[in-house]
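Notes to accompany the following structure.
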Amino acid sequence: MERQDRPECLFCQVITGEVAVHLVLQDEAAVAFLDHRPLFPGHVLVVPRTHVETLTDLPEDLVGPFFERVREVTAAVEAGMAAAGSFVAANNRISQSVPHLHVHVVPRNRKDGLRGFFWPRTRYGGDAQAADTAARIREALRSES
């Protein structure tokens, strides 16, 4: 699959390795990494390798492969974080902080404090906690294979 990137795009820089992140998956269709301001530990962003701004811009032949990765990451986040469920969402333009399609996969548990769409963002307790969290989700992805 040919990748088309834009040098000025933050997520394209993540894809090319110019910006360091805690990766949980990378293949020909997508790259998944920890959100640097997670709702909860294990909050992952899944982005297509091809630069598109919104879901509606994603070429039809890439929809299936991309969302197969979203599905795999969702299962891994739930398993790796011992979560009861998950929240999976994408913004299109409104509230989209980076103009490159990205799907949020957020681990959820009952009474976790999330209500509606006004959620407090946090930071990892340090690089070690972020690295451990990414490793747990990578391990869960390997277990699913």
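Letters A, B, ... mark the chains of the structure tokens in the order given; residue numbers begin at 1 per chain; ligand numbers begin at 1, in order shown.
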Write out as a Markdown table a residue-level contact list of range 112-133 of chain A versus range 21-42 of chain A with cut-off 10 Å: for each qualifying residue the closest pair of atoms and the distance in Å to one decimal, counting only C-alpha atoms, rows sorted by chain and residue number upward.
| residue | atom | partner | partner_atom | distance |
| --- | --- | --- | --- | --- |
| A:Asp112 | CA | A:Phe40 | CA | 9.2 |
| A:Leu114 | CA | A:Leu39 | CA | 8.6 |
| A:Trp119 | CA | A:Leu39 | CA | 7.1 |
| A:Pro120 | CA | A:Leu39 | CA | 6.7 |
| A:Arg121 | CA | A:Leu39 | CA | 5.0 |
| A:Thr122 | CA | A:Arg37 | CA | 5.4 |
| A:Arg123 | CA | A:Arg37 | CA | 5.1 |
| A:Tyr124 | CA | A:Pro41 | CA | 7.1 |
| A:Gly125 | CA | A:Pro41 | CA | 9.7 |
| A:Asp127 | CA | A:His22 | CA | 9.2 |
| A:Gln129 | CA | A:Pro41 | CA | 8.6 |
| A:Ala130 | CA | A:His22 | CA | 7.0 |
| A:Ala131 | CA | A:His22 | CA | 6.3 |
| A:Asp132 | CA | A:His22 | CA | 9.4 |
| A:Thr133 | CA | A:Gly42 | CA | 6.0 |
Selected residues written out with N, CA and C atoms, as an mmCIF file, in the first residue's frame:
data_model
loop_
_atom_site.group_PDB
_atom_site.id
_atom_site.type_symbol
_atom_site.label_atom_id
_atom_site.label_comp_id
_atom_site.auth_asym_id
_atom_site.auth_seq_id
_atom_site.Cartn_x
_atom_site.Cartn_y
_atom_site.Cartn_z
ATOM 1 N N ASP A 112 -16.353 4.944 35.986
ATOM 2 C CA ASP A 112 -15.003 5.479 35.780
ATOM 3 C C ASP A 112 -14.969 7.006 35.743
ATOM 4 N N LEU A 114 -16.420 9.102 33.491
ATOM 5 C CA LEU A 114 -16.670 9.779 32.214
ATOM 6 C C LEU A 114 -18.169 9.983 32.033
ATOM 7 N N TRP A 119 -14.687 15.517 29.160
ATOM 8 C CA TRP A 119 -13.877 14.649 29.988
ATOM 9 C C TRP A 119 -12.570 15.329 30.345
ATOM 10 N N PRO A 120 -12.136 15.146 31.582
ATOM 11 C CA PRO A 120 -10.831 15.710 31.950
ATOM 12 C C PRO A 120 -9.709 14.891 31.321
ATOM 13 N N ARG A 121 -8.725 15.571 30.775
ATOM 14 C CA ARG A 121 -7.569 14.896 30.215
ATOM 15 C C ARG A 121 -6.488 14.849 31.279
ATOM 16 N N THR A 122 -5.631 13.854 31.200
ATOM 17 C CA THR A 122 -4.560 13.691 32.173
ATOM 18 C C THR A 122 -3.238 13.502 31.445
ATOM 19 N N ARG A 123 -2.210 13.211 32.195
ATOM 20 C CA ARG A 123 -0.905 12.870 31.619
ATOM 21 C C ARG A 123 -0.440 11.583 32.286
ATOM 22 N N TYR A 124 0.422 10.849 31.603
ATOM 23 C CA TYR A 124 1.013 9.675 32.220
ATOM 24 C C TYR A 124 1.919 10.125 33.354
ATOM 25 N N GLY A 125 2.101 9.280 34.353
ATOM 26 C CA GLY A 125 2.933 9.599 35.498
ATOM 27 C C GLY A 125 4.406 9.719 35.150
ATOM 28 N N ASP A 127 7.479 8.634 31.695
ATOM 29 C CA ASP A 127 7.763 7.825 30.513
ATOM 30 C C ASP A 127 7.667 6.334 30.822
ATOM 31 N N GLN A 129 5.657 4.781 32.963
ATOM 32 C CA GLN A 129 4.251 4.365 32.988
ATOM 33 C C GLN A 129 3.696 4.282 31.565
ATOM 34 N N ALA A 130 4.025 5.265 30.723
ATOM 35 C CA ALA A 130 3.566 5.242 29.343
ATOM 36 C C ALA A 130 4.149 4.037 28.596
ATOM 37 N N ALA A 131 5.436 3.759 28.801
ATOM 38 C CA ALA A 131 6.070 2.617 28.137
ATOM 39 C C ALA A 131 5.436 1.310 28.601
ATOM 40 N N ASP A 132 5.154 1.183 29.889
ATOM 41 C CA ASP A 132 4.513 -0.017 30.421
ATOM 42 C C ASP A 132 3.119 -0.191 29.837
ATOM 43 N N THR A 133 2.378 0.889 29.747
ATOM 44 C CA THR A 133 1.024 0.836 29.190
ATOM 45 C C THR A 133 1.056 0.393 27.734
#
DSSP on the backbone: what in chain A comes out alpha helix (DSSP H), as number ranges by chain?
A: 10-16, 60-80, 127-144
Write down as a list of chain:residue names the residues of range 26-122 of chain A whose backbone DSSP state falls under strand (DSSP E).
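Restricting range 26-122 of chain A to strand (DSSP E) produces A:Gln26, A:Ala30, A:Val31, A:Ala32, A:Phe33, A:Leu34, A:Val44, A:Leu45, A:Val46, A:Val47, A:Pro48, A:Gly85, A:Ser86, A:Phe87, A:Val88, A:Ala89, A:Val103, A:His104, A:Val105, A:Val106, A:Pro107, A:Arg108.
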Using C-alpha atoms, can you export the residues from the last selection as a short mmCIF file (atom, residue, chain, number, x, y, z; two decimals), in the first residue's frame?
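Output file selection-v7.cif follows:
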data_model
loop_
_atom_site.label_atom_id
_atom_site.label_comp_id
_atom_site.auth_asym_id
_atom_site.auth_seq_id
_atom_site.Cartn_x
_atom_site.Cartn_y
_atom_site.Cartn_z
CA GLN A 26 2.25 -0.45 13.00
CA ALA A 30 -2.30 1.82 10.20
CA VAL A 31 -0.22 3.03 13.10
CA ALA A 32 -1.55 2.97 16.67
CA PHE A 33 0.05 4.75 19.62
CA LEU A 34 -0.75 6.06 23.07
CA VAL A 44 -4.82 4.79 21.99
CA LEU A 45 -5.04 6.66 18.69
CA VAL A 46 -5.26 4.64 15.48
CA VAL A 47 -4.32 6.51 12.29
CA PRO A 48 -4.22 5.39 8.65
CA GLY A 85 -15.33 -2.23 27.77
CA SER A 86 -14.20 0.65 25.61
CA PHE A 87 -15.22 3.86 23.94
CA VAL A 88 -14.29 4.14 20.25
CA ALA A 89 -14.74 7.47 18.47
CA VAL A 103 -9.81 6.95 15.98
CA HIS A 104 -9.71 7.13 19.77
CA VAL A 105 -9.86 3.79 21.60
CA VAL A 106 -10.42 4.43 25.31
CA PRO A 107 -10.63 1.68 27.96
CA ARG A 108 -13.80 1.96 30.07
#
May I ask for the distance between CA of Thr56 in chain A and CA of Arg93 in chain A, given in Å to one decimal place?
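Calculated distance between CA of Thr56 in chain A and CA of Arg93 in chain A is 10.7 Å.
The space separating CA of Gly80 in chain A from CA of Arg138 in chain A comes to 8.0 Å.
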Residue with smallest distance to Ala140 in chain A - pool A:Cys12, A:Met81, A:Val52, A:Val19, counting only C-alpha atoms:
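Among A:Cys12, A:Met81, A:Val52, A:Val19, it is A:Met81 that comes nearest to Ala140 in chain A.
All residues of protein, DNA or RNA that reach within 8 Å of Cys9 in chain A, judged by only C-alpha atoms and not counting those fewer than 4 positions away in the chain, are A:Asp5, A:Gln13, A:Val98, A:Pro99, A:His100.
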Output N, CA and C atoms for every residue in the selection just made, as a PDB file, in the first residue's frame.
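Result went into selection.pdb, see below:
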ATOM      1  N   ASP A   5       2.120  11.009   2.583  1.00  0.00           N
ATOM      2  CA  ASP A   5       2.153  11.782   3.812  1.00  0.00           C
ATOM      3  C   ASP A   5       2.357  13.259   3.512  1.00  0.00           C
ATOM      4  N   GLN A  13       4.213  12.768  10.725  1.00  0.00           N
ATOM      5  CA  GLN A  13       5.537  12.741  11.343  1.00  0.00           C
ATOM      6  C   GLN A  13       5.663  11.558  12.306  1.00  0.00           C
ATOM      7  N   VAL A  98      -5.910  17.288  15.369  1.00  0.00           N
ATOM      8  CA  VAL A  98      -4.932  17.103  14.294  1.00  0.00           C
ATOM      9  C   VAL A  98      -5.721  16.737  13.037  1.00  0.00           C
ATOM     10  N   PRO A  99      -5.540  17.473  11.945  1.00  0.00           N
ATOM     11  CA  PRO A  99      -6.309  17.197  10.729  1.00  0.00           C
ATOM     12  C   PRO A  99      -5.784  15.988   9.952  1.00  0.00           C
ATOM     13  N   HIS A 100      -5.776  14.851  10.624  1.00  0.00           N
ATOM     14  CA  HIS A 100      -5.418  13.556  10.036  1.00  0.00           C
ATOM     15  C   HIS A 100      -6.357  12.577  10.735  1.00  0.00           C
TER      16      HIS A 100
END
Could you check the closest approach to Ala83 in chain A for each of A:Phe66, A:Arg110, A:Gly17, A:Leu55 and tell me which residue wins, using only C-alpha atoms?
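Using only C-alpha atoms, Ala83 in chain A sits closest to A:Arg110.
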Which one of A:Ile94, A:Arg136, A:Glu144, A:Glu68 sits closest to Ala82 in chain A if you count only C-alpha atoms?
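Closest residue, counting only C-alpha atoms: A:Arg136.
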Just to confirm, what's the straight-line distance from CA of Thr74 in chain A to CA of Ile137 in chain A in Å (one decimal)?
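It comes out at 9.6 Å.
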